[in-house]
Amino acid sequence: MNLESLTIAEARRALDSKEYSALELTNAYLDAIAKKDGDIHAYLEVWEKEARTEAKAADEAIARNDIQPLTGIPLAMKDNILIEGRTASAASKILENYRASYDATVTTKLKAQKVVFLGRTNMDEFAMGSSTETSAYGVTKNPHDTRRVPGGSSGGSAAAVSGTMALAALGSDTGGSIRQPASLTGIVGMKPTYGAVSRFGLMALASSLDQIGPLTKTVEDARIVFEAIRGHDPKDSTSLPDVTANDTKSRTLGVPWAFLAEGSEPDVLQRFETTLQHLKDKGYKIRDVLLPNLAFSLAVYYIIQPAEASTNLARYDGIRYGLSVRADSIGEVYSKTRALGFGREVRRRILIGTFVLSSGYADAYYRKARAVRELIRTDFEREFESVDAVVMPTTPSPAFTFGAKSDPLAMYAEDIFATPANLAGVPAISVPSGTVMRDGVALPVGFQIIAPHGREETLFAIGEDAESKS
Amino acid sequence: MTDVDVAALAKLARLEVSKEELATLEKEIPSILAFVETIQKAAGESEHEGDGLRNVMRADENPHESGVYTETLLSAAPEREGDRIAVKQVISRRKS
């Protein structure tokens, strides 16, 4: 087997025709991890023993022809998704020794398909970051250029798939945390419609924005993983009833040119135009769309996200689970535990969130941000009456070097094209769109497709057309 | 630029912050706020809450059998006394 070119679809065929076993496939990935991950550091923990046990169980299922799309497929899990009895730390010191008390719904679904869990992947602490540099356990390197970040927050998941150390991975996307690292490492990353995938057992960052989604090598693989994890869940009150909207086959794409002109590096924009031209050649019509409030997305996001994060992270207080620092009073138990357990970026966002929600400021910041969020949502709604999808680059630039974005605002700007889909709750996918040169290295960039609510099939159809050029 | 009392915020957020970090945050937070304040230029009305989002609660029904998760959840707690999580005294008796 050639792991470099292997996809879930191809592995399925080979496993079912007994060309190799799930155990052999798993061993091949464990070998690849042993060989490469010392350099890349995609994983925080590799579950070798458990993975082999799961692979054997998958082989038994395959032998009795009890086969589902992901049976025996080796996957990586982002460190903020729970698997009962295993450590899940969100790359934070505050959960360093936390063992999950229960399975996330996505975990339950994957276990039912008999997947193989290879390990848990590095991430920005509590998913706050766009480079995986805020992890309490060291950085992850980009397999395309180890001087550069893999993006984030699902940087470990992206590097694992891009570096052929997992066939696919799960990530979470609150403001681009699946799509941006997928873009920077040259793979496919998808954020489903808000509510399409249950978040039960995902550590909450910003609950009105969070979604779990796949990082894979191909659009077809993203569809396979999405189909496996989607579905209504009574344990997640925000999960949507199961509906499948078929792809409409009409092909008009909207491009918000005025918005893209801001901040995109010229060669990244050029790659975007090349993919766009390729779609045009395939018969797509391209229209300019206005989406005037998109310009406010980043600012709106960096109010709503810290606000929700500051309330969600109040639960890490040293009382019920996780790190607990002994002190004389309960107030000090809280404040010392949180000071020692949370990293700088997390502390900064908790404080910003506390500020924008505080009495006297909530109207000007939080409530105003919610109102502008509604304008962004209606912008999309209006344009989706005349276009099937909105397309833009996933990021304004390729992978950057470690430490290059130490100013928080420079780091936040990474998310400029990613946040609108989260704010509007619509699904979006990033597919590889060729490379640009930086310091003599070819670095991948992504082409982002954003579709109306529930139109994942449209994303996959256009995504497959966009990726088929190479 | 908005004046921010970071020390007071940290207290509200139950977060101990060192003097050195406080100095950094006192520069960073106002500059982040200055950026997000650009939303004031949008046409949205701040009086309106209406972003179409609402909280959804699970129906209060079909409770699981009492005690089935007790041990699992308590085993994660830093300190316990029997079937309770032990915490420091919250309300102290006034000393006479």
# chains A, B, ... in the order shown; residues from 1 in each chain; ligands from 1
call {"tool": "closest_atom_pairs", "arguments": {"of": "chain A", "to": "chain B", "cutoff": "7 Å", "atoms": "only C-alpha atoms", "output": "tab-separated table"}}
result
residue	atom	partner	partner_atom	distance
A:Ser101	CA	B:Thr72	CA	6.2
A:Ser237	CA	B:Arg58	CA	5.7
A:Thr238	CA	B:Val56	CA	6.6
A:Phe296	CA	B:Ile39	CA	5.9
A:Ala299	CA	B:Val36	CA	4.3
A:Val300	CA	B:Ile39	CA	6.7
A:Tyr302	CA	B:Val36	CA	6.8
A:Ile303	CA	B:Val36	CA	6.8
A:Ile319	CA	B:Pro78	CA	6.5
A:Arg320	CA	B:Ala77	CA	4.6
A:Tyr321	CA	B:Ala77	CA	4.6
A:Ser324	CA	B:Pro78	CA	6.4
A:Ser329	CA	B:Lys88	CA	6.0
A:Ile330	CA	B:Lys88	CA	5.1
A:Tyr334	CA	B:Arg14	CA	6.0
A:Ser335	CA	B:Leu15	CA	4.3
A:Lys336	CA	B:Glu16	CA	5.9
A:Arg338	CA	B:Leu15	CA	5.8
A:Ala339	CA	B:Glu16	CA	5.2
A:Leu351	CA	B:Leu9	CA	6.1
A:Ile352	CA	B:Ile29	CA	6.8
A:Thr354	CA	B:Ala13	CA	6.6
A:Phe355	CA	B:Leu9	CA	6.7
A:Asp363	CA	B:Ser46	CA	6.3
A:Ala364	CA	B:Ser46	CA	6.8
A:Arg367	CA	B:Ser46	CA	5.9
A:Lys368	CA	B:Ser46	CA	4.3
A:Ala369	CA	B:Ile39	CA	6.9
A:Arg370	CA	B:Asp51	CA	5.9
A:Ala371	CA	B:Gly44	CA	5.5
A:Val372	CA	B:Gly44	CA	5.3
A:Arg373	CA	B:Asp51	CA	6.7
A:Glu374	CA	B:Asp51	CA	4.6
A:Leu375	CA	B:Gly44	CA	6.9
A:Leu409	CA	B:Ile32	CA	6.6
call {"tool": "residues_around", "arguments": {"residues": "segment 35-50 of chain A", "least_positions_apart": "4", "cutoff": "7 Å", "atoms": "only C-alpha atoms", "output": "PyMOL selection string"}}
result
chain A and resi 30-31+54+118-122+140-143+156-157+159-160
call {"tool": "residues_around", "arguments": {"residues": "Pro234 of chain A", "least_positions_apart": "6", "cutoff": "12 Å", "atoms": "only C-alpha atoms", "output": "number ranges by chain"}}
result
A: 105, 195, 197-200, 240-242; B: 56-62
call {"tool": "write_last_selection", "arguments": {"atoms": "N, CA, C and O atoms", "output": "PDB file, in the first residue's frame"}}
result
ATOM      1  N   THR A 105     -20.737  12.112  20.983  1.00  0.00           N
ATOM      2  CA  THR A 105     -21.635  11.444  20.035  1.00  0.00           C
ATOM      3  C   THR A 105     -20.892  11.037  18.759  1.00  0.00           C
ATOM      4  O   THR A 105     -21.109   9.944  18.231  1.00  0.00           O
ATOM      5  N   GLY A 195     -25.205  22.737  13.476  1.00  0.00           N
ATOM      6  CA  GLY A 195     -26.271  21.819  13.893  1.00  0.00           C
ATOM      7  C   GLY A 195     -26.306  20.501  13.124  1.00  0.00           C
ATOM      8  O   GLY A 195     -27.057  19.611  13.481  1.00  0.00           O
ATOM      9  N   VAL A 197     -23.820  18.304  12.821  1.00  0.00           N
ATOM     10  CA  VAL A 197     -23.083  17.286  13.562  1.00  0.00           C
ATOM     11  C   VAL A 197     -23.203  17.612  15.057  1.00  0.00           C
ATOM     12  O   VAL A 197     -22.995  18.754  15.457  1.00  0.00           O
ATOM     13  N   SER A 198     -23.532  16.618  15.857  1.00  0.00           N
ATOM     14  CA  SER A 198     -23.687  16.836  17.294  1.00  0.00           C
ATOM     15  C   SER A 198     -22.372  17.270  17.936  1.00  0.00           C
ATOM     16  O   SER A 198     -21.312  16.732  17.635  1.00  0.00           O
ATOM     17  N   ARG A 199     -22.455  18.236  18.842  1.00  0.00           N
ATOM     18  CA  ARG A 199     -21.263  18.659  19.586  1.00  0.00           C
ATOM     19  C   ARG A 199     -21.220  18.037  20.963  1.00  0.00           C
ATOM     20  O   ARG A 199     -20.361  18.413  21.775  1.00  0.00           O
ATOM     21  N   PHE A 200     -22.122  17.118  21.279  1.00  0.00           N
ATOM     22  CA  PHE A 200     -22.080  16.460  22.590  1.00  0.00           C
ATOM     23  C   PHE A 200     -20.722  15.764  22.745  1.00  0.00           C
ATOM     24  O   PHE A 200     -20.362  14.923  21.930  1.00  0.00           O
ATOM     25  N   LEU A 240     -29.688  19.670  14.355  1.00  0.00           N
ATOM     26  CA  LEU A 240     -30.821  19.833  13.448  1.00  0.00           C
ATOM     27  C   LEU A 240     -31.483  18.502  13.152  1.00  0.00           C
ATOM     28  O   LEU A 240     -30.840  17.462  13.205  1.00  0.00           O
ATOM     29  N   PRO A 241     -32.775  18.535  12.801  1.00  0.00           N
ATOM     30  CA  PRO A 241     -33.418  17.308  12.331  1.00  0.00           C
ATOM     31  C   PRO A 241     -32.700  16.810  11.073  1.00  0.00           C
ATOM     32  O   PRO A 241     -32.117  17.608  10.331  1.00  0.00           O
ATOM     33  N   ASP A 242     -32.712  15.510  10.881  1.00  0.00           N
ATOM     34  CA  ASP A 242     -32.016  14.957   9.709  1.00  0.00           C
ATOM     35  C   ASP A 242     -32.741  15.328   8.429  1.00  0.00           C
ATOM     36  O   ASP A 242     -33.890  14.973   8.241  1.00  0.00           O
TER      37      ASP A 242
ATOM     38  N   VAL B  56     -31.879  26.814  23.131  1.00  0.00           N
ATOM     39  CA  VAL B  56     -32.769  25.652  23.045  1.00  0.00           C
ATOM     40  C   VAL B  56     -32.423  24.737  24.207  1.00  0.00           C
ATOM     41  O   VAL B  56     -31.267  24.380  24.408  1.00  0.00           O
ATOM     42  N   MET B  57     -33.429  24.383  24.980  1.00  0.00           N
ATOM     43  CA  MET B  57     -33.191  23.498  26.115  1.00  0.00           C
ATOM     44  C   MET B  57     -33.729  22.103  25.815  1.00  0.00           C
ATOM     45  O   MET B  57     -34.738  21.953  25.128  1.00  0.00           O
ATOM     46  N   ARG B  58     -33.059  21.122  26.346  1.00  0.00           N
ATOM     47  CA  ARG B  58     -33.548  19.761  26.204  1.00  0.00           C
ATOM     48  C   ARG B  58     -34.808  19.593  27.058  1.00  0.00           C
ATOM     49  O   ARG B  58     -34.904  20.170  28.143  1.00  0.00           O
ATOM     50  N   ALA B  59     -35.758  18.805  26.562  1.00  0.00           N
ATOM     51  CA  ALA B  59     -36.975  18.549  27.335  1.00  0.00           C
ATOM     52  C   ALA B  59     -36.600  17.853  28.650  1.00  0.00           C
ATOM     53  O   ALA B  59     -35.702  17.012  28.666  1.00  0.00           O
ATOM     54  N   ASP B  60     -37.259  18.261  29.725  1.00  0.00           N
ATOM     55  CA  ASP B  60     -36.958  17.690  31.035  1.00  0.00           C
ATOM     56  C   ASP B  60     -37.757  16.397  31.196  1.00  0.00           C
ATOM     57  O   ASP B  60     -38.817  16.367  31.809  1.00  0.00           O
ATOM     58  N   GLU B  61     -37.254  15.357  30.607  1.00  0.00           N
ATOM     59  CA  GLU B  61     -37.993  14.081  30.628  1.00  0.00           C
ATOM     60  C   GLU B  61     -37.020  12.913  30.531  1.00  0.00           C
ATOM     61  O   GLU B  61     -35.833  13.105  30.265  1.00  0.00           O
ATOM     62  N   ASN B  62     -37.540  11.705  30.721  1.00  0.00           N
ATOM     63  CA  ASN B  62     -36.756  10.473  30.648  1.00  0.00           C
ATOM     64  C   ASN B  62     -35.433  10.533  31.416  1.00  0.00           C
ATOM     65  O   ASN B  62     -34.365  10.325  30.839  1.00  0.00           O
TER      66      ASN B  62
END
call {"tool": "residues_around", "arguments": {"residues": "segment 164-174 of chain A", "least_positions_apart": "4", "cutoff": "7 Å", "atoms": "only C-alpha atoms", "output": "ChimeraX atom specification"}}
result
/A:3-4,7-8,29,32-33,74-78,154,157,160,178,191,206,209-216,422
call {"tool": "select_by_dssp", "arguments": {"residues": "chain B", "states": "alpha helix (DSSP H)", "output": "VMD selection string"}}
result
chain B and resid 6 to 12 19 to 36 70 to 74
call {"tool": "select_by_dssp", "arguments": {"residues": "chain B", "states": "strand (DSSP E)", "output": "list in words"}}
result
Arg80, Glu81, Arg84 and Ile85 of chain B
call {"tool": "write_last_selection", "arguments": {"atoms": "N, CA, C and O atoms", "output": "compact mmCIF listing (two decimals), in the first residue's frame"}}
result
# COMPACT_ATOMS: atom_id res chain seq x y z
N ARG B 80 -12.95 14.47 47.15
CA ARG B 80 -14.31 14.02 47.43
C ARG B 80 -14.43 13.53 48.86
O ARG B 80 -13.45 13.16 49.50
N GLU B 81 -15.66 13.57 49.30
CA GLU B 81 -16.01 12.99 50.61
C GLU B 81 -17.23 12.13 50.36
O GLU B 81 -18.32 12.64 50.12
N ARG B 84 -19.87 12.97 47.61
CA ARG B 84 -19.92 14.41 47.38
C ARG B 84 -18.55 14.91 46.92
O ARG B 84 -17.52 14.34 47.26
N ILE B 85 -18.57 16.00 46.15
CA ILE B 85 -17.33 16.69 45.83
C ILE B 85 -17.02 17.62 47.00
O ILE B 85 -17.90 18.36 47.44
